[in-house]
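Okay, structure first, notes after.
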Amino acid sequence: MARRLSTGINVLDRELEGGLPAGSIVLLSAEPASQSELFLYELTAARPTLYLTTVRSDQAVVDGIERTNTRTGDPNVRDVGGDAPLDKANRLIGTLPEGATLIIDVVDSLERYDRARFRRFLNELQTVMVNTGGLAILHGLNGVDVPDNRDVTAHVADVVFDLRTTITNAEIENRLVVPKFRGGKALAEPIKLRLAESVNIDTSRDIA
């Protein structure tokens, strides 16, 4: 079995039997109006992290990490938005050190390139991650305008985290579904989460 790397989120590591296989690409899909950024911030705690932002400015990401009350690391945050984001991301990914975490927040703008070029980007990313033994987290938004290449991202990804947020009259419910886990065991049931100041499992009631 491939060596497991901690996600930096203890409750998630327990559910995943130790973490994620080294060299994996992970798709974290979530709605824009959700607490998915909390996941990204906690993921920076585990190891050196290159955080590529395509929508928010690098300063906005740094400020967000500094304001959060959960455990985080000190990632190298770079803004690759604007012109030619795929080319900028490629150059920076080539500098990843051994065993590092890469976060792309969000991957949507890269997914809007033509399919052949985006497929080539993902395959090159996969080679880099295997060679460095790190983790790549691609944050994709499930909004009203999901890029056509999202299915390519999900297919190439070794692990898929699908964060589903439901708003009812009584509460905001967050459930993490892990339908795909290449090199491991996908979770048979969703994990009900409490996303407030940190990522925790919600044990208030059984999952329906």
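Ligands are numbered from 1 in the order shown, residues from 1 within each chain, and chains are lettered A, B, ... in the order they appear in the structure tokens.
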Inset, instruction - With a distance cut-off of 6 Å and only C-alpha atoms, select the neighbouring residues of range 77-82 of chain A, excluding the residue or stretch itself and same-chain residues fewer than 4 positions from it, and output the selection as a VMD selection string. - result: chain A and resid 51 to 55 57 to 58 88
Legend entry - Test item: residues at most 6 Å from Ala100 in chain A, only C-alpha atoms, excluding those fewer than 3 positions along its chain, as a PyMOL selection string: chain A and resi 48-49+97+134
Just write the chosen residues, all heavy atoms, as a short mmCIF file (atom, residue, chain, number, x, y, z; two decimals), in the first residue's frame.
data_model
loop_
_atom_site.label_atom_id
_atom_site.label_comp_id
_atom_site.auth_asym_id
_atom_site.auth_seq_id
_atom_site.Cartn_x
_atom_site.Cartn_y
_atom_site.Cartn_z
N PRO A 48 5.07 21.72 4.16
CA PRO A 48 5.25 22.93 3.33
C PRO A 48 4.24 22.94 2.19
O PRO A 48 4.00 21.92 1.54
CB PRO A 48 6.69 22.79 2.83
CG PRO A 48 7.38 21.98 3.87
CD PRO A 48 6.35 21.00 4.37
N THR A 49 3.64 24.11 1.94
CA THR A 49 2.53 24.21 0.99
C THR A 49 2.73 25.36 0.02
O THR A 49 3.08 26.48 0.41
CB THR A 49 1.20 24.42 1.74
OG1 THR A 49 0.97 23.32 2.62
CG2 THR A 49 0.03 24.54 0.78
N PRO A 97 9.01 21.29 -3.86
CA PRO A 97 10.01 20.43 -3.21
C PRO A 97 9.44 19.06 -2.88
O PRO A 97 8.23 18.81 -3.01
CB PRO A 97 10.33 21.20 -1.93
CG PRO A 97 9.07 21.94 -1.61
CD PRO A 97 8.46 22.29 -2.94
N GLY A 134 4.24 14.17 -2.91
CA GLY A 134 3.40 15.10 -2.15
C GLY A 134 1.92 14.91 -2.45
O GLY A 134 1.48 13.85 -2.90
#
Legend entry - Close residues, Val106 in chain A itself excluded, 12 Å, only C-alpha atoms, min 5 positions apart in chain, as a PyMOL selection string: chain A and resi 27-32+36-37+40+51-57+61+79-81+85-86+89+111-112+137-142+146-147+150
Would you write out those residues with N, CA, C and O atoms, as a short mmCIF file (atom, residue, chain, number, x, y, z; two decimals), in the first residue's frame?
data_model
loop_
_atom_site.label_atom_id
_atom_site.label_comp_id
_atom_site.auth_asym_id
_atom_site.auth_seq_id
_atom_site.Cartn_x
_atom_site.Cartn_y
_atom_site.Cartn_z
N LEU A 27 -9.48 16.12 -5.78
CA LEU A 27 -10.46 17.14 -6.15
C LEU A 27 -11.36 17.38 -4.96
O LEU A 27 -12.02 16.46 -4.48
N LEU A 28 -11.36 18.62 -4.46
CA LEU A 28 -12.30 19.03 -3.42
C LEU A 28 -13.36 19.90 -4.08
O LEU A 28 -13.10 21.04 -4.44
N SER A 29 -14.54 19.33 -4.31
CA SER A 29 -15.62 20.09 -4.93
C SER A 29 -16.59 20.57 -3.86
O SER A 29 -16.90 19.84 -2.92
N ALA A 30 -17.03 21.82 -4.00
CA ALA A 30 -17.90 22.42 -2.98
C ALA A 30 -18.65 23.59 -3.60
O ALA A 30 -18.26 24.13 -4.64
N GLU A 31 -19.72 23.99 -2.95
CA GLU A 31 -20.47 25.16 -3.39
C GLU A 31 -19.69 26.43 -3.04
O GLU A 31 -18.96 26.46 -2.05
N PRO A 32 -19.85 27.48 -3.84
CA PRO A 32 -19.12 28.73 -3.54
C PRO A 32 -19.44 29.29 -2.16
O PRO A 32 -18.54 29.79 -1.47
N SER A 36 -15.69 25.59 2.55
CA SER A 36 -14.64 24.74 1.98
C SER A 36 -13.25 25.33 2.17
O SER A 36 -12.26 24.59 2.25
N GLU A 37 -13.14 26.67 2.24
CA GLU A 37 -11.82 27.27 2.45
C GLU A 37 -11.21 26.84 3.78
O GLU A 37 -9.99 26.78 3.92
N LEU A 40 -9.07 23.97 3.13
CA LEU A 40 -7.80 24.34 2.50
C LEU A 40 -6.83 24.91 3.52
O LEU A 40 -5.64 24.58 3.51
N TYR A 51 0.46 27.50 -2.33
CA TYR A 51 -0.97 27.81 -2.45
C TYR A 51 -1.14 28.75 -3.65
O TYR A 51 -0.73 29.91 -3.60
N LEU A 52 -1.71 28.24 -4.74
CA LEU A 52 -1.94 29.03 -5.95
C LEU A 52 -3.38 29.50 -5.96
O LEU A 52 -4.30 28.70 -5.96
N THR A 53 -3.57 30.81 -5.98
CA THR A 53 -4.92 31.37 -6.01
C THR A 53 -5.19 31.95 -7.39
O THR A 53 -4.36 32.65 -7.96
N THR A 54 -6.36 31.64 -7.94
CA THR A 54 -6.70 32.09 -9.29
C THR A 54 -7.77 33.18 -9.30
O THR A 54 -7.97 33.82 -10.33
N VAL A 55 -8.48 33.38 -8.20
CA VAL A 55 -9.57 34.36 -8.15
C VAL A 55 -9.26 35.45 -7.13
O VAL A 55 -9.19 36.63 -7.47
N ARG A 56 -9.09 35.06 -5.87
CA ARG A 56 -8.74 36.05 -4.85
C ARG A 56 -7.27 36.46 -5.00
O ARG A 56 -6.46 35.71 -5.54
N SER A 57 -6.94 37.63 -4.49
CA SER A 57 -5.54 38.05 -4.51
C SER A 57 -4.74 37.24 -3.50
O SER A 57 -5.30 36.65 -2.56
N VAL A 61 -5.83 35.86 0.45
CA VAL A 61 -5.67 34.50 0.97
C VAL A 61 -4.84 34.52 2.25
O VAL A 61 -5.19 33.87 3.24
N ASP A 79 -0.39 34.39 -6.55
CA ASP A 79 -1.55 34.72 -7.38
C ASP A 79 -1.23 34.37 -8.84
O ASP A 79 -0.31 34.95 -9.43
N VAL A 80 -1.99 33.43 -9.41
CA VAL A 80 -1.76 33.03 -10.80
C VAL A 80 -2.96 33.41 -11.68
O VAL A 80 -3.11 32.91 -12.79
N GLY A 81 -3.84 34.29 -11.15
CA GLY A 81 -4.99 34.72 -11.93
C GLY A 81 -4.60 35.69 -13.03
O GLY A 81 -3.41 35.96 -13.27
N PRO A 85 -3.28 31.89 -16.74
CA PRO A 85 -3.13 31.24 -15.43
C PRO A 85 -2.54 29.84 -15.51
O PRO A 85 -1.81 29.42 -14.61
N LEU A 86 -2.82 29.11 -16.59
CA LEU A 86 -2.29 27.76 -16.71
C LEU A 86 -0.77 27.78 -16.86
O LEU A 86 -0.07 26.95 -16.25
N ALA A 89 0.73 28.66 -13.46
CA ALA A 89 0.65 27.51 -12.55
C ALA A 89 1.70 26.47 -12.90
O ALA A 89 2.37 25.92 -12.01
N GLU A 111 -9.71 24.87 -15.77
CA GLU A 111 -10.60 23.93 -16.46
C GLU A 111 -11.26 24.55 -17.69
O GLU A 111 -11.85 23.83 -18.50
N ARG A 112 -11.18 25.86 -17.85
CA ARG A 112 -11.82 26.52 -18.99
C ARG A 112 -10.93 26.53 -20.24
O ARG A 112 -11.37 26.97 -21.30
N ILE A 137 -4.13 19.40 -4.10
CA ILE A 137 -5.55 19.61 -3.78
C ILE A 137 -6.10 20.62 -4.77
O ILE A 137 -5.68 21.78 -4.79
N LEU A 138 -7.05 20.20 -5.61
CA LEU A 138 -7.67 21.07 -6.59
C LEU A 138 -9.07 21.43 -6.10
O LEU A 138 -9.94 20.56 -6.00
N HIS A 139 -9.27 22.70 -5.78
CA HIS A 139 -10.54 23.17 -5.23
C HIS A 139 -11.44 23.60 -6.39
O HIS A 139 -11.14 24.56 -7.10
N GLY A 140 -12.54 22.87 -6.60
CA GLY A 140 -13.46 23.18 -7.68
C GLY A 140 -14.81 23.61 -7.14
O GLY A 140 -15.32 23.01 -6.19
N LEU A 141 -15.40 24.65 -7.74
CA LEU A 141 -16.68 25.17 -7.26
C LEU A 141 -17.84 24.54 -8.02
O LEU A 141 -17.84 24.48 -9.24
N ASN A 142 -18.84 24.09 -7.26
CA ASN A 142 -20.06 23.55 -7.85
C ASN A 142 -21.12 24.65 -7.88
O ASN A 142 -22.12 24.59 -7.17
N VAL A 146 -20.38 25.45 -13.86
CA VAL A 146 -19.30 24.47 -13.69
C VAL A 146 -18.61 24.25 -15.04
O VAL A 146 -19.28 24.00 -16.05
N PRO A 147 -17.29 24.36 -15.10
CA PRO A 147 -16.58 24.18 -16.38
C PRO A 147 -16.81 22.78 -16.97
O PRO A 147 -16.95 21.80 -16.24
N ARG A 150 -14.67 19.73 -15.80
CA ARG A 150 -14.72 19.20 -14.43
C ARG A 150 -14.73 17.67 -14.42
O ARG A 150 -14.16 17.03 -13.54
#
Inset, instruction - Within range 8-208 of chain A, find each residue whose DSSP state, derived from the backbone, is helix (DSSP H, G or I), and express the selection as a PyMOL selection string. - result: chain A and resi 10-15+36-43+58-67+85-93+108-111+115-132+150-156
Legend entry - Selection near range 158-161 of chain A, 6 Å with only C-alpha atoms, sequence-local residues under 2 positions removed, as an MDAnalysis selection string: chainID A and resid 24:28 177:178 180:182
Write out the residues from the selection above, keeping C-alpha atoms, as a PDB file, in the first residue's frame.
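And here's out_0.pdb as it stands now:
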ATOM      1  CA  SER A  24      -2.208  11.785  -5.024  1.00  0.00           C
ATOM      2  CA  ILE A  25      -4.247  14.428  -6.811  1.00  0.00           C
ATOM      3  CA  VAL A  26      -7.392  15.309  -4.846  1.00  0.00           C
ATOM      4  CA  LEU A  27     -10.455  17.137  -6.154  1.00  0.00           C
ATOM      5  CA  LEU A  28     -12.303  19.027  -3.416  1.00  0.00           C
ATOM      6  CA  VAL A 177     -18.808  12.387   0.468  1.00  0.00           C
ATOM      7  CA  VAL A 178     -15.726  10.448  -0.698  1.00  0.00           C
ATOM      8  CA  LYS A 180     -13.529   7.853  -5.198  1.00  0.00           C
ATOM      9  CA  PHE A 181     -10.305   6.746  -3.540  1.00  0.00           C
ATOM     10  CA  ARG A 182      -7.763   5.252  -5.925  1.00  0.00           C
TER      11      ARG A 182
END
Inset, instruction - List every residue of range 23-196 of chain A that DSSP, applied to the backbone of this structure, assigns to strand (DSSP E), and report them as a PyMOL selection string. - result: chain A and resi 25-30+49-53+76-79+101-105+135-141+159-167+172-181+191-195
Inset, instruction - Skip Leu193 in chain A itself and residues of its chain fewer than 3 positions away, then list as a PyMOL selection string all residues within 8 Å of it, counting only C-alpha atoms. - result: chain A and resi 173-176+199-202
Output N, CA and C atoms of each residue in that selection to a file, as a PDB file, in the first residue's frame.
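Ended up saving to selection29.pdb:
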ATOM      1  N   GLU A 173     -26.290  22.095   7.252  1.00  0.00           N
ATOM      2  CA  GLU A 173     -25.703  20.757   7.339  1.00  0.00           C
ATOM      3  C   GLU A 173     -24.603  20.606   6.294  1.00  0.00           C
ATOM      4  N   ASN A 174     -23.458  20.096   6.736  1.00  0.00           N
ATOM      5  CA  ASN A 174     -22.330  19.830   5.839  1.00  0.00           C
ATOM      6  C   ASN A 174     -22.008  18.341   5.880  1.00  0.00           C
ATOM      7  N   ARG A 175     -21.983  17.737   4.712  1.00  0.00           N
ATOM      8  CA  ARG A 175     -21.628  16.325   4.612  1.00  0.00           C
ATOM      9  C   ARG A 175     -20.512  16.157   3.589  1.00  0.00           C
ATOM     10  N   LEU A 176     -19.492  15.398   3.968  1.00  0.00           N
ATOM     11  CA  LEU A 176     -18.389  15.120   3.063  1.00  0.00           C
ATOM     12  C   LEU A 176     -18.568  13.722   2.496  1.00  0.00           C
ATOM     13  N   VAL A 199     -12.496  22.079  11.355  1.00  0.00           N
ATOM     14  CA  VAL A 199     -13.210  20.955  10.757  1.00  0.00           C
ATOM     15  C   VAL A 199     -13.354  19.858  11.804  1.00  0.00           C
ATOM     16  N   ASN A 200     -14.596  19.512  12.150  1.00  0.00           N
ATOM     17  CA  ASN A 200     -14.862  18.462  13.133  1.00  0.00           C
ATOM     18  C   ASN A 200     -16.024  17.611  12.664  1.00  0.00           C
ATOM     19  N   ILE A 201     -16.058  16.378  13.147  1.00  0.00           N
ATOM     20  CA  ILE A 201     -17.190  15.506  12.850  1.00  0.00           C
ATOM     21  C   ILE A 201     -18.351  15.890  13.746  1.00  0.00           C
ATOM     22  N   ASP A 202     -19.536  16.008  13.160  1.00  0.00           N
ATOM     23  CA  ASP A 202     -20.737  16.357  13.892  1.00  0.00           C
ATOM     24  C   ASP A 202     -21.392  15.080  14.391  1.00  0.00           C
TER      25      ASP A 202
END
